[in-house]
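Working notes for the structure below.
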Amino acid sequence: MRHIIALSLLLGSALGFAASSSFAQTTDVHATTEKNAYLQDGRGPIVRSQDGLCWRSGYWEQNDAVTGCDGTLTPPVMKAIAPALAENPLVANTEKVPAANVAQCNVTLLSDQTFSFGRATLTKVAKQRIDQEIIGKLTNFCGNGVIIVTGYTDRIGSEKYNQKLSKQRAASVASYLKSKGIHNRIDVIGAGEAEPVSSCSKKLSHKQLIDCLSPDRRVVIKIQPN
């Protein structure tokens with residue numbers, strides 16, 4: 001008896017909603033069998049609320065679901081696949097230099113071949129060597145790493161003088177690299193008479209000492225990978 005009363009109340013409410021303008025705009029859903037678990041109006045379609053929800057009877061079960069009410073409304077939609085991201089040229093251009101190539105990018109210019117004694121102006125021989133041996137390496141093997149140009153002097157002269165001269169020599173090399181189309185960032189360092197590589201007696205004459213200290217007078221070009 002209680003089920004009948006409840007069913008009557010639901011039916012009455014549903015029919016009232018069916019008469020409203022909101023329900024009139026709801027798409028009709030028809031029962032699939034004569035004995036279905038949804039309430040039907042006098043025309044046959046399943047009764048729906050203002051929100052488009054189908055009214056179930058008291059004995060509705062999951063197996064009674066109808067497409068349009070509780071079943072699948074549309075076929076499954078395939079998951080969209082995002083397109084492959086385009087390669088960022090900025091990222092590609094900042095790749096690290098392979099370790100095998102770093103050694104090829106490191107070059108030492110002997111000062112006697114690069115500058116006249118006590119001067120910071122590149123000689124013709126030095127420019128030819130840079131053109132033939134260094135520019136190609138920096139362009140083809142060294143990527144976009146930072147180029148560090150370090151100038152050195154021998155111990156002849158004051159520490160302040162040698163510091164200034166070593167930086168001027170490094171700056172001359174860096175400037176020439178830029179003039180030949182090297183676009184890498186270039187850091188210039190003046191190391192003065194630090195890190196000597198020669199061992200010369202103090203008893204040598206001035207000319208002999210200059211010749212002996214020749215290996216100390218150098219400019220070193222190194223690549224520092226990003």
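Every chain in the structure tokens takes a letter, A first, then B, and so on in the order presented; its residues are numbered from 1, and the ligands are numbered from 1 following the presented order.
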
Which residues are near Ile148 (chain A)? Cut-off 6 Å, only C-alpha atoms, ignore same chain within fewer than 3 positions. Put them as a PDB file with N, CA and C atoms, in the first residue's frame.
ATOM      1  N   ILE A 186      82.425  36.270 -25.064  1.00  0.00           N
ATOM      2  CA  ILE A 186      83.856  36.124 -24.818  1.00  0.00           C
ATOM      3  C   ILE A 186      84.225  36.869 -23.534  1.00  0.00           C
ATOM      4  N   ASP A 187      84.786  36.153 -22.580  1.00  0.00           N
ATOM      5  CA  ASP A 187      85.277  36.763 -21.342  1.00  0.00           C
ATOM      6  C   ASP A 187      86.786  36.936 -21.441  1.00  0.00           C
ATOM      7  N   ILE A 221      93.061  30.219 -25.160  1.00  0.00           N
ATOM      8  CA  ILE A 221      91.641  30.286 -25.531  1.00  0.00           C
ATOM      9  C   ILE A 221      90.985  28.985 -25.113  1.00  0.00           C
ATOM     10  N   LYS A 222      89.959  29.089 -24.280  1.00  0.00           N
ATOM     11  CA  LYS A 222      89.244  27.895 -23.806  1.00  0.00           C
ATOM     12  C   LYS A 222      87.737  28.094 -23.986  1.00  0.00           C
TER      13      LYS A 222
END

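Excluding Asp64 (chain A) itself and same-chain residues fewer than 4 positions from it, the residues having an atom within 8 Å of it are Asn36, Ala37 and Trp60 of chain A, counting only C-alpha atoms.
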
Task: Test item: residues at most 10 Å from Val146 (chain A), only C-alpha atoms, excluding those fewer than 5 positions along its chain, as a list in words - done: His183, Asn184, Arg185, Ile186, Asp187, Lys222, Ile223, Gln224, Pro225 and Asn226 of chain A

- [ ] Write out as a PyMOL selection string which residues come within 12 Å of Ile182 (chain A) when counting only C-alpha atoms, dropping same-chain ones fewer than 4 positions away.
- [x] chain A and resi 130-131+134-140+142-147+173-178+186

Save out the residues we just selected, N, CA and C atoms, as a short mmCIF file (atom, residue, chain, number, x, y, z; two decimals), in the first residue's frame.
data_model
loop_
_atom_site.label_atom_id
_atom_site.label_comp_id
_atom_site.auth_asym_id
_atom_site.auth_seq_id
_atom_site.Cartn_x
_atom_site.Cartn_y
_atom_site.Cartn_z
N ILE A 130 95.18 32.21 -36.36
CA ILE A 130 93.80 32.26 -35.85
C ILE A 130 92.82 31.93 -36.98
N ASP A 131 93.05 32.51 -38.15
CA ASP A 131 92.17 32.26 -39.29
C ASP A 131 92.17 30.80 -39.70
N ILE A 134 91.95 28.32 -35.68
CA ILE A 134 91.08 28.55 -34.53
C ILE A 134 89.63 28.88 -34.91
N ILE A 135 89.44 29.73 -35.89
CA ILE A 135 88.08 30.15 -36.27
C ILE A 135 87.22 28.94 -36.64
N GLY A 136 87.79 28.03 -37.44
CA GLY A 136 87.03 26.84 -37.85
C GLY A 136 86.62 25.98 -36.67
N LYS A 137 87.52 25.81 -35.70
CA LYS A 137 87.20 25.01 -34.52
C LYS A 137 86.07 25.64 -33.71
N LEU A 138 86.19 26.95 -33.48
CA LEU A 138 85.17 27.64 -32.69
C LEU A 138 83.81 27.61 -33.39
N THR A 139 83.81 27.62 -34.71
CA THR A 139 82.56 27.63 -35.46
C THR A 139 81.93 26.25 -35.56
N ASN A 140 82.76 25.22 -35.78
CA ASN A 140 82.24 23.88 -36.08
C ASN A 140 82.15 22.94 -34.88
N CYS A 142 82.60 24.02 -31.23
CA CYS A 142 82.51 24.58 -29.88
C CYS A 142 81.13 25.11 -29.50
N GLY A 143 80.16 24.99 -30.39
CA GLY A 143 78.80 25.40 -30.05
C GLY A 143 78.71 26.85 -29.62
N ASN A 144 77.80 27.09 -28.66
CA ASN A 144 77.58 28.46 -28.17
C ASN A 144 78.10 28.66 -26.76
N GLY A 145 79.09 27.84 -26.37
CA GLY A 145 79.66 28.01 -25.04
C GLY A 145 80.40 29.33 -24.90
N VAL A 146 80.69 29.68 -23.67
CA VAL A 146 81.41 30.92 -23.40
C VAL A 146 82.89 30.71 -23.71
N ILE A 147 83.47 31.62 -24.47
CA ILE A 147 84.90 31.55 -24.79
C ILE A 147 85.66 32.41 -23.78
N VAL A 173 93.04 39.54 -28.85
CA VAL A 173 92.61 38.26 -29.43
C VAL A 173 91.09 38.19 -29.49
N ALA A 174 90.43 38.58 -28.40
CA ALA A 174 88.96 38.54 -28.35
C ALA A 174 88.36 39.44 -29.42
N SER A 175 88.92 40.63 -29.58
CA SER A 175 88.42 41.57 -30.58
C SER A 175 88.57 41.00 -31.99
N TYR A 176 89.67 40.32 -32.24
CA TYR A 176 89.88 39.75 -33.57
C TYR A 176 88.90 38.60 -33.84
N LEU A 177 88.64 37.79 -32.82
CA LEU A 177 87.66 36.70 -32.97
C LEU A 177 86.28 37.26 -33.33
N LYS A 178 85.91 38.34 -32.66
CA LYS A 178 84.62 38.97 -32.96
C LYS A 178 84.58 39.49 -34.39
N ILE A 186 82.43 36.27 -25.06
CA ILE A 186 83.86 36.12 -24.82
C ILE A 186 84.23 36.87 -23.53
#

- [ ] Mind checking which residues fall within 10 Å of region 109-117 of chain A, counting only C-alpha atoms, ignoring those fewer than 3 positions away in the same chain, and posting them as a count of residues only?
- [x] 28

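What separates CA of Asn106 (chain A) from CA of Gly157 (chain A) is a distance of 28.2 Å.
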
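Atom pair CA of Ala191 (chain A) / CA of Lys167 (chain A): separated by 7.2 Å.
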
TODO: Could you give me, as a ChimeraX atom specification, each residue of region 107-172 of chain A that DSSP assigns to alpha helix (DSSP H) when run on this structure's backbone?
DONE: /A:111-114,124-129,135-140,159-172

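The gap separating CA of Leu209 (chain A) from CA of Gly192 (chain A) is 17.3 Å, in Å to one decimal.
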